[in-house]
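Containing compact mmCIF, C-alpha atoms and all ligand atoms: coords19.txt.
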```txt
# COMPACT_ATOMS: atom_id res chain seq x y z
CA MET A 29 -19.61 -5.18 63.30
CA ILE A 30 -16.08 -3.85 63.53
CA ILE A 31 -13.22 -6.30 63.75
CA ASP A 32 -9.54 -5.91 64.47
CA ILE A 33 -7.62 -7.07 61.44
CA ALA A 34 -4.15 -6.45 62.81
CA GLY A 35 -3.56 -10.17 62.67
CA SER A 36 -5.18 -10.81 59.32
CA SER A 37 -3.40 -12.30 56.36
CA ASN A 38 -1.87 -10.46 53.43
CA GLY A 39 -3.36 -13.19 51.26
CA LYS A 40 -1.78 -13.28 47.81
CA THR A 41 -4.50 -13.41 45.24
CA SER A 42 -5.08 -16.50 43.27
CA PRO A 43 -5.55 -16.03 39.52
CA SER A 44 -8.42 -18.46 39.67
CA GLY A 45 -10.15 -16.12 42.06
CA GLY A 46 -9.61 -18.29 45.11
CA GLU A 47 -10.07 -16.93 48.62
CA TYR A 48 -7.49 -14.65 50.14
CA LEU A 49 -6.22 -16.57 53.11
CA GLY A 50 -2.50 -15.95 53.33
CA SER A 51 -0.50 -15.58 56.51
CA ASN A 52 1.55 -12.37 56.84
CA PRO A 53 0.14 -10.14 59.57
CA SER A 54 -0.36 -6.44 58.95
CA PRO A 55 1.81 -4.23 61.16
CA ALA A 56 -0.87 -1.57 61.25
CA THR A 57 -3.44 -1.89 63.96
CA MET A 58 -6.76 -0.81 62.60
CA LEU A 59 -10.38 -1.56 62.75
CA ILE A 60 -12.30 -2.50 59.70
CA LYS A 61 -15.88 -3.53 59.01
CA SER A 62 -15.30 -6.70 57.06
CA VAL A 63 -18.11 -8.55 55.34
CA ARG A 64 -16.58 -11.69 56.85
CA GLN A 65 -17.93 -10.50 60.19
CA ALA A 66 -21.41 -9.47 59.04
CA LYS A 67 -24.10 -11.35 60.96
CA ASN A 68 -27.11 -13.04 59.38
CA LEU A 69 -25.85 -12.83 55.82
CA ASN A 70 -27.96 -15.80 54.75
CA ASN A 71 -30.43 -15.00 51.95
CA LYS A 72 -29.79 -11.26 52.19
CA THR A 73 -29.93 -8.96 49.18
CA VAL A 74 -26.53 -7.30 48.87
CA PHE A 75 -25.63 -4.21 46.85
CA LEU A 76 -22.04 -5.01 45.87
CA ARG A 77 -20.00 -2.10 44.52
CA VAL A 78 -17.08 -3.37 42.50
CA ASP A 79 -14.57 -1.58 40.29
CA PHE A 80 -14.61 -3.55 37.06
CA ASN A 81 -13.42 -0.53 35.10
CA VAL A 82 -11.27 -2.65 32.79
CA PRO A 83 -9.63 -1.62 29.50
CA MET A 84 -12.02 -2.16 26.59
CA GLU A 85 -11.79 -1.91 22.82
CA ASN A 86 -14.97 -2.04 20.73
CA ASP A 87 -16.92 -3.78 23.51
CA LEU A 88 -14.12 -6.32 23.93
CA ILE A 89 -12.39 -6.66 27.28
CA LYS A 90 -8.65 -6.30 26.78
CA GLU A 91 -7.65 -7.31 30.29
CA ASP A 92 -9.79 -8.71 33.11
CA TYR A 93 -7.51 -8.55 36.18
CA LYS A 94 -9.93 -6.42 38.18
CA ILE A 95 -12.84 -8.80 37.49
CA ILE A 96 -10.79 -11.81 38.57
CA GLN A 97 -9.77 -10.01 41.75
CA GLY A 98 -13.45 -9.38 42.53
CA LEU A 99 -14.46 -13.05 42.37
CA PRO A 100 -13.65 -14.07 45.98
CA THR A 101 -16.16 -11.61 47.47
CA ILE A 102 -18.84 -12.67 45.00
CA ARG A 103 -18.24 -16.37 45.73
CA PHE A 104 -18.21 -15.63 49.46
CA LEU A 105 -21.63 -13.94 49.28
CA LEU A 106 -23.06 -16.67 47.06
CA ARG A 107 -22.08 -19.26 49.66
CA TYR A 108 -24.52 -17.45 51.98
CA SER A 109 -27.19 -17.69 49.26
CA CYS A 110 -27.28 -13.91 48.97
CA ARG A 111 -29.07 -12.19 46.12
CA LEU A 112 -26.45 -9.99 44.50
CA ILE A 113 -26.93 -6.65 42.83
CA ILE A 114 -23.53 -5.82 41.38
CA ALA A 115 -22.59 -2.39 40.08
CA THR A 116 -19.51 -0.70 38.66
CA HIS A 117 -18.55 2.36 36.69
CA LEU A 118 -16.78 2.01 33.37
CA ALA A 119 -14.80 4.59 31.40
CA LYS A 120 -17.41 5.07 28.66
CA ALA A 121 -19.09 1.93 27.43
CA SER A 122 -21.94 -0.26 28.66
CA THR A 123 -21.21 -2.81 31.38
CA LYS A 124 -22.99 -5.56 29.43
CA PRO A 125 -19.73 -7.25 28.28
CA ILE A 126 -18.48 -7.08 31.87
CA ALA A 127 -21.60 -8.89 33.10
CA GLN A 128 -21.07 -11.53 30.40
CA ARG A 129 -17.42 -12.00 31.32
CA LEU A 130 -18.36 -12.32 34.99
CA GLY A 131 -20.88 -15.03 34.07
CA GLN A 132 -18.15 -16.94 32.21
CA LEU A 133 -15.70 -16.65 35.09
CA LEU A 134 -18.28 -17.77 37.65
CA ASP A 135 -19.78 -20.34 35.27
CA LYS A 136 -23.14 -18.97 36.31
CA LYS A 137 -25.98 -16.94 34.84
CA VAL A 138 -25.57 -13.20 35.43
CA ASP A 139 -28.58 -11.09 34.47
CA PHE A 140 -27.79 -7.71 32.98
CA ILE A 141 -30.15 -4.75 33.09
CA ASN A 142 -29.55 -1.72 30.89
CA ASN A 143 -30.16 0.81 33.63
CA CYS A 144 -28.78 1.44 37.08
CA CYS A 145 -31.88 2.80 38.81
CA GLY A 146 -35.60 3.32 38.23
CA GLU A 147 -38.66 1.13 37.96
CA SER A 148 -37.16 -1.55 35.69
CA VAL A 149 -34.24 -2.05 38.06
CA VAL A 150 -36.50 -2.25 41.12
CA LYS A 151 -38.64 -4.87 39.34
CA ALA A 152 -35.60 -6.94 38.31
CA ALA A 153 -34.15 -6.72 41.82
CA ASN A 154 -37.42 -7.85 43.38
CA LYS A 155 -37.52 -10.85 41.07
CA LEU A 156 -34.08 -12.10 42.17
CA LYS A 157 -34.06 -15.46 43.87
CA THR A 158 -31.43 -16.56 46.40
CA GLY A 159 -28.02 -17.05 44.82
CA GLU A 160 -28.92 -15.04 41.71
CA ILE A 161 -27.00 -12.08 40.30
CA LEU A 162 -28.26 -8.89 38.70
CA PHE A 163 -25.58 -6.71 37.07
CA LEU A 164 -26.48 -3.04 36.65
CA GLU A 165 -25.60 -0.70 33.77
CA ASN A 166 -22.61 1.64 34.15
CA LEU A 167 -23.29 3.75 37.26
CA ARG A 168 -21.92 6.87 35.59
CA ILE A 169 -24.80 7.00 33.09
CA ASN A 170 -26.64 8.60 35.99
CA GLY A 171 -25.44 12.13 36.70
CA GLY A 172 -26.08 11.54 40.40
CA GLU A 173 -23.18 9.09 40.72
CA GLU A 174 -20.32 11.56 40.27
CA LYS A 175 -22.18 14.28 42.22
CA ASN A 176 -22.47 12.00 45.25
CA ASP A 177 -26.20 12.69 44.97
CA LYS A 178 -28.16 11.53 48.01
CA LYS A 179 -31.30 10.79 46.02
CA PHE A 180 -29.41 8.49 43.64
CA ALA A 181 -27.59 6.84 46.55
CA LYS A 182 -30.92 6.25 48.27
CA GLN A 183 -32.34 4.68 45.11
CA LEU A 184 -29.40 2.27 44.91
CA ALA A 185 -29.65 1.49 48.62
CA SER A 186 -33.38 0.78 48.37
CA LEU A 187 -32.58 -2.28 46.23
CA ALA A 188 -30.78 -4.18 49.02
CA ASP A 189 -30.51 -5.10 52.71
CA LEU A 190 -26.84 -4.32 53.00
CA TYR A 191 -23.98 -2.72 51.14
CA VAL A 192 -20.56 -4.19 50.44
CA ASN A 193 -17.78 -2.04 49.02
CA ASP A 194 -15.14 -4.03 47.15
CA ALA A 195 -14.15 -1.19 44.81
CA PHE A 196 -10.79 -0.02 46.17
CA ALA A 197 -9.84 1.63 42.85
CA VAL A 198 -12.62 4.19 43.18
CA CYS A 199 -12.51 4.79 46.95
CA HIS A 200 -10.73 8.11 46.45
CA ARG A 201 -13.80 9.46 44.64
CA ASN A 202 -16.67 11.12 46.48
CA HIS A 203 -19.28 9.30 44.42
CA ALA A 204 -22.77 8.17 45.39
CA SER A 205 -22.18 4.41 45.15
CA VAL A 206 -19.08 4.50 47.34
CA SER A 207 -19.79 7.45 49.60
CA ALA A 208 -23.39 8.64 50.16
CA ILE A 209 -24.87 5.13 49.94
CA LYS A 210 -23.38 4.26 53.33
CA LYS A 211 -25.91 6.60 54.98
CA TYR A 212 -28.75 4.34 53.95
CA LEU A 213 -27.55 0.76 54.48
CA PRO A 214 -25.40 -1.23 56.88
CA ALA A 215 -22.03 -1.07 55.11
CA TYR A 216 -19.17 -3.56 54.94
CA VAL A 217 -15.79 -4.00 53.27
CA GLY A 218 -15.39 -6.78 50.68
CA LEU A 219 -12.49 -9.23 50.65
CA LEU A 220 -10.53 -7.45 47.93
CA LEU A 221 -10.82 -4.04 49.55
CA GLU A 222 -9.79 -5.58 52.84
CA LYS A 223 -6.65 -7.03 51.28
CA GLU A 224 -5.80 -3.73 49.58
CA ILE A 225 -5.93 -1.99 52.97
CA ILE A 226 -3.91 -4.65 54.77
CA ASN A 227 -1.20 -4.75 52.13
CA LEU A 228 -0.94 -1.02 51.49
CA ASP A 229 -0.74 -0.40 55.23
CA LYS A 230 2.46 -2.46 55.16
CA ILE A 231 3.92 0.24 52.95
CA LYS A 232 2.76 2.94 55.34
CA GLU A 233 4.43 1.08 58.23
CA PRO A 234 7.19 -0.75 56.36
CA LYS A 235 9.69 -3.30 57.49
CA LYS A 236 12.86 -1.28 56.86
CA PRO A 237 14.63 -0.56 54.60
CA LEU A 238 11.82 0.57 52.30
CA ILE A 239 12.86 1.21 48.70
CA SER A 240 10.31 3.26 46.75
CA ILE A 241 10.43 3.33 42.98
CA ILE A 242 8.49 6.12 41.35
CA GLY A 243 8.19 6.74 37.62
CA GLY A 244 5.64 7.99 35.16
CA VAL A 245 5.12 11.40 33.64
CA LYS A 246 3.41 14.06 35.74
CA MET A 247 4.93 15.23 38.98
CA LYS A 248 1.61 16.79 39.96
CA THR A 249 -0.08 13.41 40.37
CA LYS A 250 2.85 11.94 42.28
CA SER A 251 4.15 14.79 44.47
CA ALA A 252 1.98 14.01 47.52
CA LEU A 253 3.03 10.36 47.33
CA ILE A 254 6.70 11.24 46.92
CA LYS A 255 6.64 13.58 49.92
CA LYS A 256 4.88 11.02 52.10
CA LEU A 257 6.98 8.04 51.04
CA LEU A 258 10.26 9.94 51.38
CA LYS A 259 9.72 10.06 55.13
CA LYS A 260 9.63 6.26 55.37
CA SER A 261 11.97 5.33 52.51
CA TYR A 262 15.64 4.44 52.76
CA ARG A 263 16.00 5.44 49.10
CA MET A 264 13.59 6.55 46.41
CA LEU A 265 14.52 5.61 42.84
CA ILE A 266 13.12 7.95 40.23
CA GLY A 267 12.48 7.12 36.58
CA GLY A 268 10.28 8.00 33.63
CA ALA A 269 9.66 11.53 32.45
CA LEU A 270 9.35 12.46 36.12
CA ALA A 271 13.13 12.10 36.41
CA ASN A 272 13.70 14.64 33.60
CA ASN A 273 12.41 17.41 35.84
CA PHE A 274 14.89 16.49 38.57
CA ILE A 275 17.74 16.22 36.05
CA ALA A 276 16.88 19.64 34.58
CA SER A 277 16.63 21.28 37.98
CA HIS A 278 20.16 20.04 38.79
CA GLY A 279 21.26 22.08 35.77
CA PHE A 280 21.74 19.28 33.23
CA GLU A 281 20.61 19.42 29.61
CA VAL A 282 17.49 17.33 28.91
CA GLY A 283 17.18 18.25 25.21
CA CYS A 284 13.69 17.68 23.82
CA SER A 285 12.60 15.37 26.68
CA ILE A 286 9.25 15.81 28.39
CA ILE A 287 9.41 18.34 31.23
CA ASP A 288 6.85 20.81 32.50
CA GLN A 289 7.18 24.01 34.46
CA GLU A 290 4.76 22.96 37.17
CA SER A 291 6.76 19.79 37.82
CA ILE A 292 10.04 21.74 37.85
CA LYS A 293 8.59 23.99 40.56
CA ILE A 294 7.58 21.02 42.72
CA VAL A 295 10.92 19.32 42.14
CA ALA A 296 12.87 22.40 43.26
CA LYS A 297 11.86 21.70 46.86
CA LEU A 298 12.73 18.01 46.71
CA LYS A 299 15.79 17.77 44.52
CA ASP A 300 18.40 18.04 47.29
CA ASN A 301 16.91 15.28 49.39
CA ALA A 302 19.72 12.74 49.69
CA LYS A 303 17.28 9.84 49.64
CA ILE A 304 16.30 10.59 46.05
CA ILE A 305 18.30 8.61 43.50
CA LEU A 306 18.25 9.79 39.89
CA PRO A 307 19.27 8.10 36.62
CA ILE A 308 22.99 8.34 35.81
CA ASP A 309 22.51 7.34 32.17
CA ALA A 310 19.62 7.17 29.73
CA VAL A 311 18.47 5.67 26.45
CA VAL A 312 17.92 8.62 24.15
CA SER A 313 16.81 9.16 20.59
CA ASN A 314 16.08 11.99 18.20
CA LYS A 315 12.60 10.52 17.58
CA LYS A 316 10.05 9.22 20.07
CA ASP A 317 9.20 6.21 17.95
CA GLY A 318 12.65 4.94 17.10
CA GLY A 319 15.20 7.08 15.28
CA ASP A 320 18.86 6.90 16.34
CA VAL A 321 18.70 5.10 19.67
CA VAL A 322 21.83 5.49 21.86
CA VAL A 323 22.81 5.26 25.52
CA LYS A 324 24.27 8.43 27.02
CA SER A 325 25.49 9.53 30.43
CA ILE A 326 23.23 12.14 31.98
CA ASN A 327 25.89 14.82 31.55
CA GLN A 328 26.13 14.09 27.80
CA ILE A 329 22.51 14.62 26.78
CA GLY A 330 22.36 16.84 23.69
CA LYS A 331 19.90 19.56 22.72
CA LYS A 332 18.12 17.31 20.21
CA ASP A 333 17.99 14.21 22.44
CA ILE A 334 14.81 12.80 23.92
CA ILE A 335 15.27 10.76 27.10
CA LEU A 336 13.06 7.68 26.71
CA ASP A 337 14.37 5.11 29.19
CA ILE A 338 16.85 4.65 32.01
CA GLY A 339 20.21 3.32 30.86
CA PRO A 340 22.13 0.13 31.83
CA LYS A 341 24.27 1.81 34.51
CA THR A 342 21.14 3.16 36.14
CA ILE A 343 19.55 -0.30 36.07
CA LYS A 344 22.64 -1.66 37.85
CA LEU A 345 22.54 1.15 40.40
CA TYR A 346 18.81 0.69 41.06
CA ALA A 347 19.31 -3.08 41.33
CA SER A 348 21.86 -2.53 44.12
CA PHE A 349 19.21 -0.68 46.15
CA ILE A 350 16.35 -3.05 45.34
CA LYS A 351 18.51 -5.95 46.54
CA GLN A 352 18.80 -4.32 49.98
CA ALA A 353 15.07 -3.81 50.45
CA ASN A 354 12.87 -5.46 53.02
CA THR A 355 9.88 -3.58 51.62
CA ILE A 356 9.43 -2.31 48.06
CA VAL A 357 6.75 -0.15 46.50
CA TRP A 358 6.72 0.61 42.77
CA ASN A 359 4.45 2.96 40.86
CA GLY A 360 5.14 4.34 37.38
CA PRO A 361 7.20 3.04 34.42
CA MET A 362 10.87 3.98 33.98
CA GLY A 363 10.44 5.01 30.35
CA TYR A 364 8.37 4.75 27.21
CA PHE A 365 8.07 0.97 27.62
CA GLU A 366 5.30 0.64 25.01
CA ASN A 367 8.08 0.98 22.39
CA GLU A 368 10.41 -1.95 21.79
CA HIS A 369 13.54 0.27 21.99
CA PHE A 370 12.66 1.83 25.33
CA LYS A 371 11.14 -0.99 27.35
CA HIS A 372 14.30 -2.45 28.91
CA GLY A 373 14.58 -0.21 31.98
CA THR A 374 10.96 -0.74 33.01
CA LEU A 375 11.07 -4.49 32.41
CA ALA A 376 14.39 -4.81 34.25
CA VAL A 377 12.93 -2.99 37.25
CA ALA A 378 9.82 -5.21 37.07
CA ARG A 379 12.01 -8.34 37.16
CA LEU A 380 14.16 -6.96 39.98
CA VAL A 381 11.11 -6.06 42.08
CA ALA A 382 9.49 -9.44 41.44
CA SER A 383 12.70 -11.38 42.22
CA ARG A 384 13.32 -9.49 45.44
CA SER A 385 9.64 -9.78 46.46
CA ASP A 386 9.77 -13.51 46.07
CA GLY A 387 10.19 -14.29 49.76
CA LYS A 388 12.90 -11.70 50.51
CA ALA A 389 11.06 -8.40 50.67
CA PHE A 390 7.41 -7.43 50.84
CA GLY A 391 6.68 -6.01 47.40
CA VAL A 392 3.75 -3.93 46.22
CA VAL A 393 3.21 -2.78 42.64
CA GLY A 394 0.38 -0.51 41.49
CA GLY A 395 -0.81 1.71 38.67
CA GLY A 396 -2.27 0.69 35.32
CA GLU A 397 0.88 0.95 33.17
CA THR A 398 3.16 -0.37 35.89
CA VAL A 399 1.05 -3.50 36.29
CA GLU A 400 0.90 -3.85 32.50
CA ALA A 401 4.73 -3.82 32.37
CA LEU A 402 5.01 -6.27 35.26
CA LYS A 403 2.70 -8.66 33.45
CA ILE A 404 4.90 -8.60 30.34
CA THR A 405 7.64 -10.19 32.47
CA LYS A 406 5.22 -12.99 33.51
CA MET A 407 6.53 -12.47 37.04
CA ALA A 408 3.49 -10.77 38.59
CA ASP A 409 2.77 -13.80 40.76
CA TYR A 410 6.04 -13.28 42.63
CA VAL A 411 4.98 -9.84 43.81
CA ASP A 412 3.21 -9.89 47.17
CA TRP A 413 0.51 -7.43 46.19
CA VAL A 414 -0.47 -6.10 42.79
CA SER A 415 -2.89 -3.32 43.62
CA THR A 416 -6.10 -2.83 41.64
CA GLY A 417 -5.90 0.89 42.37
CA GLY A 418 -4.20 3.50 40.21
CA GLY A 419 -5.21 6.91 41.53
CA ALA A 420 -6.68 5.25 44.61
CA MET A 421 -3.36 3.66 45.54
CA LEU A 422 -1.59 7.01 45.17
CA ALA A 423 -4.27 8.71 47.28
CA TYR A 424 -4.26 6.03 49.96
CA LEU A 425 -0.49 5.94 50.36
CA SER A 426 -0.37 9.76 50.31
CA GLY A 427 -2.77 9.84 53.25
CA GLU A 428 -5.45 11.66 51.28
CA LYS A 429 -9.12 11.56 52.15
CA MET A 430 -10.77 8.36 50.92
CA PRO A 431 -14.57 8.91 50.88
CA GLY A 432 -15.12 5.25 50.00
CA LEU A 433 -13.44 4.13 53.22
CA GLU A 434 -15.14 6.56 55.57
CA LYS A 435 -17.06 4.74 58.30
CA LEU A 436 -15.48 1.47 57.13
CA LYS A 437 -11.98 1.96 58.46
CA VAL A 438 -10.92 3.67 61.65
CA LYS A 439 -7.43 3.91 63.08
CA ASN A 440 -7.14 2.19 66.43
CA SER A 441 -5.67 4.90 68.66
C1 LIG B 1 -9.34 3.52 37.89
O1 LIG B 1 -9.31 2.91 36.81
O2 LIG B 1 -8.36 4.07 38.38
C2 LIG B 1 -10.62 3.50 38.65
O3 LIG B 1 -11.55 2.68 38.04
C3 LIG B 1 -11.15 4.89 38.85
O4 LIG B 1 -11.54 5.42 37.63
P1 LIG B 1 -11.73 7.00 37.48
O5 LIG B 1 -10.33 7.56 37.51
O6 LIG B 1 -12.45 7.19 36.18
O7 LIG B 1 -12.54 7.46 38.66
```
Structure encoded using structure tokens:
Amino acid sequence: MIIDIAGSSNGKTSPSGGEYLGSNPSPATMLIKSVRQAKNLNNKTVFLRVDFNVPMENDLIKEDYKIIQGLPTIRFLLRYSCRLIIATHLAKASTKPIAQRLGQLLDKKVDFINNCCGESVVKAANKLKTGEILFLENLRINGGEEKNDKKFAKQLASLADLYVNDAFAVCHRNHASVSAIKKYLPAYVGLLLEKEIINLDKIKEPKKPLISIIGGVKMKTKSALIKKLLKKSYRMLIGGALANNFIASHGFEVGCSIIDQESIKIVAKLKDNAKIILPIDAVVSNKKDGGDVVVKSINQIGKKDIILDIGPKTIKLYASFIKQANTIVWNGPMGYFENEHFKHGTLAVARLVASRSDGKAFGVVGGGETVEALKITKMADYVDWVSTGGGAMLAYLSGEKMPGLEKLKVKNS
């Protein structure tokens, strides 16, 4: 069933994995197939695609934000006594530790099977009783996943009665478990994916003024987003190595800072846009990992300097814009924040965004490193929406094709 979610809540997430039932309506009118509206869910077998692609080190989970964000949909389905077959991709490793962590968070047994399709999986799925969970091995161990292979999608679909996609972070990929599978099962959107759409649509149709803050390294991955957001933004504040390309194309020295010719080319077409605000000073050094750290005005950067953070005057300037915002979106750190000497700009922006979001503006933060920096400030809870999507958030806000959302979301014309 398709429902109109124009009046749905933005629903701040609860760290304990509570339900998303907030109260800010989405300005975008759209139709979405939410699992909340699925009929006859009781006792059904559900194939639940999640994105629990979390950072791991030697089989240890370093950070479990995405798993926590996935809990409301799982709890929702369990309340209908569904049998759950849960699947995710993971960068390289086995999903076994993810299944274990999920069991701990739910305080419930989660069976893990070391395959994602084939006879053993069919047998295990058939054995599931109501309210039980089977967690599959990393979907990408099967070559069919990344090829959007119909046969693989059909195998996954054959395990269940219906399909729920809660994996926003992978919806920009044309992969079997988010794309082709929808041909073979009734398909619905999970609670997390629903909230991602509602909240990111508030950036697409912002309450003005919208202040966009874009940092990071490669212009190539951000140019579509920058072009799209510039149309809606009052001002766009640029930081990170991305800013170096703008600074260089205005004819200033950037010394040994990161720049690349492809980015310079893209920047050439954007640099004179009056909405774009660039750093006026920077924290520079002669070495990336320390060295002689000094603050310099942008017109004083020397040939041996490396720009590694925005400077204090830039922070003050950016703060003056952030304080005017009714909507804020931030993606990409302002500098090399992993290093003690160069973290201040990024952390200051994180605090400014969080403080302004706290009831004054609608604030959205996304991207792996950006969220990591926000968490260092311990102010993530003040931000209205911390997206689980990195590339997916960029793609969604840029208006790119999202194979994972096809047939699940239609604009109401
Ligand atoms: C992410 O971490 O951005 C998602 O899990 C997608 O992962 P991918 O870039 O490997 O497709």
Which neighbours of region 372-381 of chain A fall inside 7 Å, counting only C-alpha atoms, when residues of the same chain fewer than 6 positions from it are skipped, and could you give them as a compact mmCIF listing (two decimals) with C-alpha atoms, in the coordinates of the input?
```
# COMPACT_ATOMS: atom_id res chain seq x y z
CA ASP A 337 14.37 5.11 29.19
CA ILE A 338 16.85 4.65 32.01
CA GLY A 339 20.21 3.32 30.86
CA ILE A 343 19.55 -0.30 36.07
CA ALA A 347 19.31 -3.08 41.33
CA ILE A 350 16.35 -3.05 45.34
CA PRO A 361 7.20 3.04 34.42
CA MET A 362 10.87 3.98 33.98
CA GLY A 363 10.44 5.01 30.35
CA PHE A 365 8.07 0.97 27.62
CA GLY A 391 6.68 -6.01 47.40
CA ALA A 401 4.73 -3.82 32.37
CA LEU A 402 5.01 -6.27 35.26
CA THR A 405 7.64 -10.19 32.47
CA MET A 407 6.53 -12.47 37.04
```
Taking all atoms listed in the file into account, which of A:Leu112, A:Leu184, A:Cys199, A:Met264 comes nearest ligand LIG 1 (chain B)?
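Looking only at the distances to ligand LIG 1 (chain B), the closest residue turns out to be A:Cys199.
Taking only C-alpha atoms and all ligand atoms into account, the protein and nucleic acid residues that come at most 8 Å from ligand LIG 1 (chain B) are Asp79, Phe80, Asn81, Val82, His117, Leu118, Ala119, Ala197, Val198, Arg201, Gly395, Gly396, Thr416, Gly417, Gly418, Gly419 and Ala420 of chain A.
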Produce a file of the selected residues containing C-alpha atoms, as a PDB file, in the coordinates of the input.
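Once everything was written out, this is again_15.pdb:
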```
ATOM      1  CA  ASP A  79     -14.570  -1.580  40.290  1.00  0.00           C
ATOM      2  CA  PHE A  80     -14.610  -3.550  37.060  1.00  0.00           C
ATOM      3  CA  ASN A  81     -13.420  -0.530  35.100  1.00  0.00           C
ATOM      4  CA  VAL A  82     -11.270  -2.650  32.790  1.00  0.00           C
ATOM      5  CA  HIS A 117     -18.550   2.360  36.690  1.00  0.00           C
ATOM      6  CA  LEU A 118     -16.780   2.010  33.370  1.00  0.00           C
ATOM      7  CA  ALA A 119     -14.800   4.590  31.400  1.00  0.00           C
ATOM      8  CA  ALA A 197      -9.840   1.630  42.850  1.00  0.00           C
ATOM      9  CA  VAL A 198     -12.620   4.190  43.180  1.00  0.00           C
ATOM     10  CA  ARG A 201     -13.800   9.460  44.640  1.00  0.00           C
ATOM     11  CA  GLY A 395      -0.810   1.710  38.670  1.00  0.00           C
ATOM     12  CA  GLY A 396      -2.270   0.690  35.320  1.00  0.00           C
ATOM     13  CA  THR A 416      -6.100  -2.830  41.640  1.00  0.00           C
ATOM     14  CA  GLY A 417      -5.900   0.890  42.370  1.00  0.00           C
ATOM     15  CA  GLY A 418      -4.200   3.500  40.210  1.00  0.00           C
ATOM     16  CA  GLY A 419      -5.210   6.910  41.530  1.00  0.00           C
ATOM     17  CA  ALA A 420      -6.680   5.250  44.610  1.00  0.00           C
TER      18      ALA A 420
END
```
Closest to Ser205 (chain A) among A:Asn193, A:Ser325, A:Asn154, A:Ser109, using only C-alpha atoms?
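Ranking A:Asn193, A:Ser325, A:Asn154, A:Ser109 by distance to Ser205 (chain A), first place goes to A:Asn193.
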Write out as a tab-separated table the residues of region 334-407 of chain A that have any atom within 9 Å of an atom of region 223-231 of chain A, one row each with the nearest atom pair and its distance in Å to one decimal, counting all atoms listed in the file, sorted by chain and then rising number.
```
residue	atom	partner	partner_atom	distance
A:Thr355	CA	A:Ile231	CA	7.2
A:Ile356	CA	A:Ile231	CA	7.8
A:Val357	CA	A:Ile231	CA	7.1
A:Phe390	CA	A:Lys230	CA	8.2
A:Gly391	CA	A:Ile231	CA	8.8
A:Val392	CA	A:Leu228	CA	7.6
```
Rank A:Lys315, A:Lys429, A:Arg263, A:Lys293 by their smallest atom-to-atom distance to Ser277 (chain A), using all atoms listed in the file, and report the top residue only.
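Of all the options, A:Lys293 lies closest to Ser277 (chain A).
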Taking into account only C-alpha atoms, which residue in the set A:Val393, A:Ile89, A:Leu306, A:Ile329 is nearest to Lys341 (chain A)?
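The closest residue to Lys341 (chain A) is A:Leu306.
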Looking at A:Ala296, A:Ile126, A:Ala188, A:Leu422, which one is nearest to Glu91 (chain A), with distances taken over all atoms listed in the file?
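Closest residue, counting all atoms listed in the file: A:Ile126.
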Kindly indicate which residue among A:Lys255, A:Ile287, A:Ile335, A:Ile326 lies nearest to Lys303 (chain A), using only C-alpha atoms for the distances.
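Among the listed residues, A:Lys255 lies closest to Lys303 (chain A).
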Residue neighbourhood Ser122 (chain A), 12 Å, only C-alpha atoms, exclusion window fewer than 2 positions, as a PyMOL selection string:
chain A and resi 80-82+84-89+115-120+124-128+140-144+163-169
Please compute the CA of Lys61 (chain A)-CA of Leu99 (chain A) distance, one decimal, in Å.
19.2 Å
Excluding Leu238 (chain A) and its own-chain neighbours fewer than 6 positions away, which residues fall within 7 Å of it when counting all atoms listed in the file? Please give them as a list in words.
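Close residues of Leu238 (chain A): Lys260, Ser261, Tyr262, Ala353, Asn354, Thr355 and Ile356 of chain A.
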In Å to one decimal, how far is CA of Ile294 (chain A) from CA of Met421 (chain A)?
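About the pair CA of Met421 (chain A) and CA of Ile294 (chain A): they are 20.7 Å apart.
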Excluding Met247 (chain A) and any residue of its chain fewer than 3 positions from it, enumerate the residues within 12 Å of it, using only C-alpha atoms, and give them as a short mmCIF file (atom, residue, chain, number, x, y, z; two decimals) with C-alpha atoms, in the coordinates of the input.
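selection.cif was written with the following content:
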```cif
data_model
loop_
_atom_site.label_atom_id
_atom_site.label_comp_id
_atom_site.auth_asym_id
_atom_site.auth_seq_id
_atom_site.Cartn_x
_atom_site.Cartn_y
_atom_site.Cartn_z
CA ILE A 242 8.49 6.12 41.35
CA GLY A 243 8.19 6.74 37.62
CA GLY A 244 5.64 7.99 35.16
CA LYS A 250 2.85 11.94 42.28
CA SER A 251 4.15 14.79 44.47
CA ALA A 252 1.98 14.01 47.52
CA LEU A 253 3.03 10.36 47.33
CA ILE A 254 6.70 11.24 46.92
CA LYS A 255 6.64 13.58 49.92
CA ILE A 266 13.12 7.95 40.23
CA GLY A 267 12.48 7.12 36.58
CA GLY A 268 10.28 8.00 33.63
CA ALA A 269 9.66 11.53 32.45
CA LEU A 270 9.35 12.46 36.12
CA ALA A 271 13.13 12.10 36.41
CA ASN A 272 13.70 14.64 33.60
CA ASN A 273 12.41 17.41 35.84
CA PHE A 274 14.89 16.49 38.57
CA ILE A 286 9.25 15.81 28.39
CA ILE A 287 9.41 18.34 31.23
CA ASP A 288 6.85 20.81 32.50
CA GLN A 289 7.18 24.01 34.46
CA GLU A 290 4.76 22.96 37.17
CA SER A 291 6.76 19.79 37.82
CA ILE A 292 10.04 21.74 37.85
CA LYS A 293 8.59 23.99 40.56
CA ILE A 294 7.58 21.02 42.72
CA VAL A 295 10.92 19.32 42.14
CA ALA A 296 12.87 22.40 43.26
CA LEU A 298 12.73 18.01 46.71
CA GLY A 360 5.14 4.34 37.38
#
```
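Interatomic distance, CA of Lys67 (chain A) against CA of Ala215 (chain A): 12.0 Å.
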